[in-house]
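Below is one structure, written out as structure tokens; the observations come after it.
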Amino acid sequence: MKAVIIGGAGFIGINAVYSFLGKGYEVVVVDNLSRKGSAYNLEQLQQKHDVPFHNIDIRNADAIAAFFEQEKNLDAVLLLAGQVAVTTSVTNPREDFDINAMGTFNVLEGLRLSGQKPLLLYSSTNKVYGKMEDLEVEESDKRYEYRDLKTGITEERQLDFYSPYGCSKGAGDQYVRDYNRIYGIPTVVFRQSCIYGPNQFGIEDQGWVAWFTIATLMKREITIYGDGKQIRDVLFVNDLVELYDKAIQHREQCAGKIYNVGGGPDHTLSLKELIAILEERFNRPIDRKTSEWRPGDQKVYVSNIDKVKADLGWEPTTGIATGINAMADWIEANRDILNHYVFGKSLPVC
Ligand SMILES: NC(=O)c1ccc[n+]([C@@H]2O[C@H](COP(=O)([O-])OP(=O)(O)OC[C@H]3O[C@@H](n4cnc5c(N)ncnc54)[C@H](O)[C@@H]3O)[C@@H](O)[C@H]2O)c1
């Protein structure tokens with residue numbers, strides 16, 4: 001199998017690269033290294049493996065087209081590159097659009113013009129469903145829950161793009177789906193919930209499970225937007241990259257389809273619950289303050305993962321405690337780097 005991973009130096013991307021290499025794939029990485037920490041991920045990778053890397057920005061249509069003209073015999077293209085924070089999309093909606101909507105379109109066009117038909121896997125988001133304010137939620141001491149929807153949100157849920165990020169990712173999501181219908185390129189859309197794990201440079205604006213864990217271990221204050229009872233289904237990154245592999249191995253089962261992907265109803269976590277877990281696990285109180293809800297924040301989001309289970313025989317296998325421990329081990333081993341990339345501190349001179 002030969003796979004191109006666009007955004008392959010980022011959090012999910014680098015985990016996919018290691019996993020695919022372990023399964024004997026030939027891997028090519030494309031990234032513009034704009035995310036803080038991605039250059040470090042790439043450097044670590046290249047110390048261990050000889051993996052071809054192309055520094056290409058997906059906003060550059062000509063460069064993407066030239067890449068697909070040159071790189072042949074592809075079985076899969078994993079499109080992970082993106083502007084990933086809702087907050088950034090609100091302050092700079094044009095850049096967000098250029099990267100997520102146009103960038104995705106450029107990749108689709110580059111593939112189409114090259115005449116190749118590998119499976120294109122697209123990392124969409126639960127934000128395409130908006131705030132879902134019509135759904136009744138129940139409130140308890142530490143969390144909200146859906147009153148009636150115990151198995152979570154299915155793919156039948158009406159789209160309601162919310163925030164520039166929701167719009168730009170949603171545009172990509174629909175284009176990716178349509179390139180299957182109109183041009184016969186096998187594509188699959190994964191509407192991902194919260195993913196967490198090692199190699200994640202979580203910051204306040206994106207990657208909350210990682211950010212809370214980093215802040216706890218490095219004794220920083222966190223801000224809780226809203227009341228902290230909002231819940232998400234969380235998915236450990238290794239489980240997600242196993243799904244990508246299954247999709248590539250069984251493209252006939254998933255091409256042209258859209259799946260909600262997350263930890264599902266068995267792996268849900270509220271902000272308050274994560275704080276309690278971290279305080280107990282690391283035996284220290286976490287400094288925190290509260291602030292207003294952020295745009296598009298859903299009180300509850302839980303993916304219904306029945307469709308992906310049925311079609312691809314996939315389900316999450318990593319429990320929350322195990323996943324957090326693995327991530328914490330990586331944080332402990334990379335304190336200096338995290339200080340530099342997450343908190344902007346100078347690196348020690350070696
Ligand atoms: N992490 C999550 O919880 C989550 C949830 C839902 C969806 N997603 C989606 O999954 C994808 C990967 O997320 P991640 O958490 O690994 O993010 P990440 O920021 O760690 O990785 C994204 C990578 O893309 C690269 N990149 C950004 N803009 C680029 C451009 N214009 N050209 C080329 N490369 C570019 C970055 O340098 C980075 O290495 C994103 O598209 C994101 O929207 C992530």
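In the structure tokens, each chain is lettered A, B, ... as it comes, each chain's residues begin at 1, and ligands are numbered from 1 in order of appearance.
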
| Using only C-alpha atoms and all ligand atoms, what are the residues with an atom within 8 Å of ligand 1, set out as a PyMOL selection string? | chain A and resi 6-14+30-39+55-59+79-85+98-100+103+122-126+169+191-196+200-201+206-207

| request: Name the residues in contact with A:Lys72 at a cut-off of 12 Å, using only C-alpha atoms, excluding same-chain residues fewer than 3 positions from it; report them as number ranges by chain. | output: A: 2-4, 28, 66-69, 75-77, 111, 114-118

| field | Close residues, stretch 220-223 of chain A itself excluded, 10 Å, only C-alpha atoms, min 5 positions apart in chain, as a list of chain:residue names | value |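 The contact residues come out as A:Glu204, A:Trp208, A:Trp211, A:Phe212, A:Thr213, A:Ile214, A:Ala215, A:Gly228, A:Ile286, A:Asp287, A:Arg288, A:Lys289, A:Thr290, A:Ser291, A:Glu292, A:Phe343.
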
Using C-alpha atoms, can you export the residues from the last selection as a short mmCIF file (atom, residue, chain, number, x, y, z; two decimals), in the first residue's frame?
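Contents of selection.cif, freshly written:
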```cif
data_model
loop_
_atom_site.label_atom_id
_atom_site.label_comp_id
_atom_site.auth_asym_id
_atom_site.auth_seq_id
_atom_site.Cartn_x
_atom_site.Cartn_y
_atom_site.Cartn_z
CA GLU A 204 -6.41 26.39 24.70
CA TRP A 208 -8.83 20.37 25.02
CA TRP A 211 -4.36 21.03 26.69
CA PHE A 212 -5.84 20.25 30.13
CA THR A 213 -3.33 17.44 30.61
CA ILE A 214 -0.38 19.57 29.51
CA ALA A 215 -1.52 22.45 31.74
CA GLY A 228 -17.57 22.83 32.30
CA ILE A 286 -5.64 22.50 38.83
CA ASP A 287 -5.71 26.31 38.69
CA ARG A 288 -8.74 27.41 36.72
CA LYS A 289 -10.95 30.33 35.88
CA THR A 290 -14.20 30.52 33.97
CA SER A 291 -15.33 32.54 30.98
CA GLU A 292 -18.28 32.86 28.55
CA PHE A 343 4.13 28.32 26.07
#
```

| message | Using only C-alpha atoms, can you tell me which of A:Met218, A:Leu274, A:Val137, A:Ile231 comes closest to A:Ile320? | response | A:Leu274

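Here atom CA of A:Tyr301 is placed at a distance of 25.9 Å from atom CA of A:Leu120.
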
| remark: Using only C-alpha atoms, the shortest atom-to-atom distance to A:Ile153 among A:His340, A:Lys307, A:His267, A:Lys257 belongs to A:Lys307

| said: Let's see if you can do this: from backbone DSSP, list all helix (DSSP H, G or I) residues in stretch 247-300 of chain A, as a PyMOL selection string. | reply: chain A and resi 247-249+251-254+271-282

| request: Would you list the contacts of A:Leu149 as JSON, numbers by chain, taking every protein, DNA or RNA residue within 9 Å and counting only C-alpha atoms, but skipping same-chain residues closer than 3 positions in sequence? | output: {"A": [135, 136, 145, 146, 152, 153]}

Filtering to N, CA and C atoms, could you give me those residues as a PDB file, in the first residue's frame?
```pdb
ATOM      1  N   LEU A 135     -32.203  19.762  20.463  1.00  0.00           N
ATOM      2  CA  LEU A 135     -32.125  18.518  21.244  1.00  0.00           C
ATOM      3  C   LEU A 135     -32.179  18.821  22.737  1.00  0.00           C
ATOM      4  N   GLU A 136     -33.041  18.106  23.419  1.00  0.00           N
ATOM      5  CA  GLU A 136     -33.186  18.316  24.867  1.00  0.00           C
ATOM      6  C   GLU A 136     -31.988  17.714  25.594  1.00  0.00           C
ATOM      7  N   GLU A 145     -26.282  15.654  29.335  1.00  0.00           N
ATOM      8  CA  GLU A 145     -26.458  14.470  28.479  1.00  0.00           C
ATOM      9  C   GLU A 145     -27.679  14.684  27.614  1.00  0.00           C
ATOM     10  N   TYR A 146     -27.742  14.012  26.473  1.00  0.00           N
ATOM     11  CA  TYR A 146     -28.975  14.073  25.689  1.00  0.00           C
ATOM     12  C   TYR A 146     -30.080  13.406  26.489  1.00  0.00           C
ATOM     13  N   GLY A 152     -26.453   8.648  20.557  1.00  0.00           N
ATOM     14  CA  GLY A 152     -25.661   9.698  19.902  1.00  0.00           C
ATOM     15  C   GLY A 152     -26.206  10.158  18.560  1.00  0.00           C
ATOM     16  N   ILE A 153     -25.429  11.026  17.927  1.00  0.00           N
ATOM     17  CA  ILE A 153     -25.838  11.695  16.682  1.00  0.00           C
ATOM     18  C   ILE A 153     -25.477  10.831  15.474  1.00  0.00           C
TER      19      ILE A 153
END
```

| task | Go ahead and compute the interatomic distance for atom CA of A:Ala255 and atom CA of A:His54, in Å to one decimal. | result |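 These atoms are spaced 26.8 Å apart.
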
| message | List as JSON, numbers by chain the protein and nucleic acid residues near stretch 48-52 of chain A, meaning an atom at most 10 Å away when only C-alpha atoms are counted, but skip any in the same chain fewer than 5 places from it. | response | {"A": [4, 17, 18, 21, 26, 27, 28, 29, 30, 42, 43]}

Write the selection just made, keeping N, CA and C atoms, as a JSON list (two decimals), in the first residue's frame?
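Once everything was written out, this is result.json:
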```json
[["chain", "number", "residue", "atom", "x", "y", "z"],
["A", 4, "VAL", "N", -0.31, 8.76, 0.70],
["A", 4, "VAL", "CA", 0.16, 10.14, 0.91],
["A", 4, "VAL", "C", -0.61, 10.67, 2.10],
["A", 17, "VAL", "N", 1.25, 8.19, 10.30],
["A", 17, "VAL", "CA", 2.50, 7.81, 9.61],
["A", 17, "VAL", "C", 3.15, 6.63, 10.35],
["A", 18, "TYR", "N", 3.32, 6.76, 11.66],
["A", 18, "TYR", "CA", 3.98, 5.67, 12.42],
["A", 18, "TYR", "C", 3.18, 4.37, 12.30],
["A", 21, "LEU", "N", 3.53, 2.93, 8.71],
["A", 21, "LEU", "CA", 4.87, 2.36, 8.50],
["A", 21, "LEU", "C", 4.96, 1.00, 9.18],
["A", 26, "GLU", "N", 4.10, 2.09, 2.24],
["A", 26, "GLU", "CA", 5.02, 3.12, 1.77],
["A", 26, "GLU", "C", 4.29, 4.45, 2.02],
["A", 27, "VAL", "N", 4.97, 5.38, 2.72],
["A", 27, "VAL", "CA", 4.29, 6.62, 3.13],
["A", 27, "VAL", "C", 5.02, 7.83, 2.56],
["A", 28, "VAL", "N", 4.25, 8.81, 2.08],
["A", 28, "VAL", "CA", 4.81, 10.09, 1.64],
["A", 28, "VAL", "C", 4.11, 11.17, 2.47],
["A", 29, "VAL", "N", 4.88, 12.07, 3.06],
["A", 29, "VAL", "CA", 4.31, 13.11, 3.91],
["A", 29, "VAL", "C", 4.31, 14.45, 3.17],
["A", 30, "VAL", "N", 3.17, 15.13, 3.24],
["A", 30, "VAL", "CA", 3.04, 16.51, 2.72],
["A", 30, "VAL", "C", 2.57, 17.38, 3.88],
["A", 42, "LEU", "N", 8.09, 16.07, 12.66],
["A", 42, "LEU", "CA", 8.74, 15.60, 11.44],
["A", 42, "LEU", "C", 10.20, 15.22, 11.70],
["A", 43, "GLU", "N", 10.87, 16.08, 12.47],
["A", 43, "GLU", "CA", 12.28, 15.83, 12.79],
["A", 43, "GLU", "C", 12.43, 14.49, 13.54]]
```

| said: Based on the backbone DSSP call, show me all residues of stretch 129-276 of chain A assigned strand (DSSP E or B), as number ranges by chain. | reply: A: 137-139, 144-146, 153, 187-192, 194-196, 203, 206, 222-225, 231-236, 257-261, 268-270

| said: Here is a test: counting only C-alpha atoms, which residue of A:Pro295, A:Gly313, A:Gly24, A:Gly319 is nearest to A:Tyr225? | reply: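 Looking only at the distances to A:Tyr225, the closest residue turns out to be A:Pro295.
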
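Among the candidates A:Glu71, A:Trp293, A:Ile324, A:Cys254, the residue lying nearest to A:Ala310 is A:Cys254 (atoms considered: only C-alpha atoms).
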
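Between atom CA of A:Leu108 and atom CA of A:Asp96 the interatomic distance comes to 17.7 Å.
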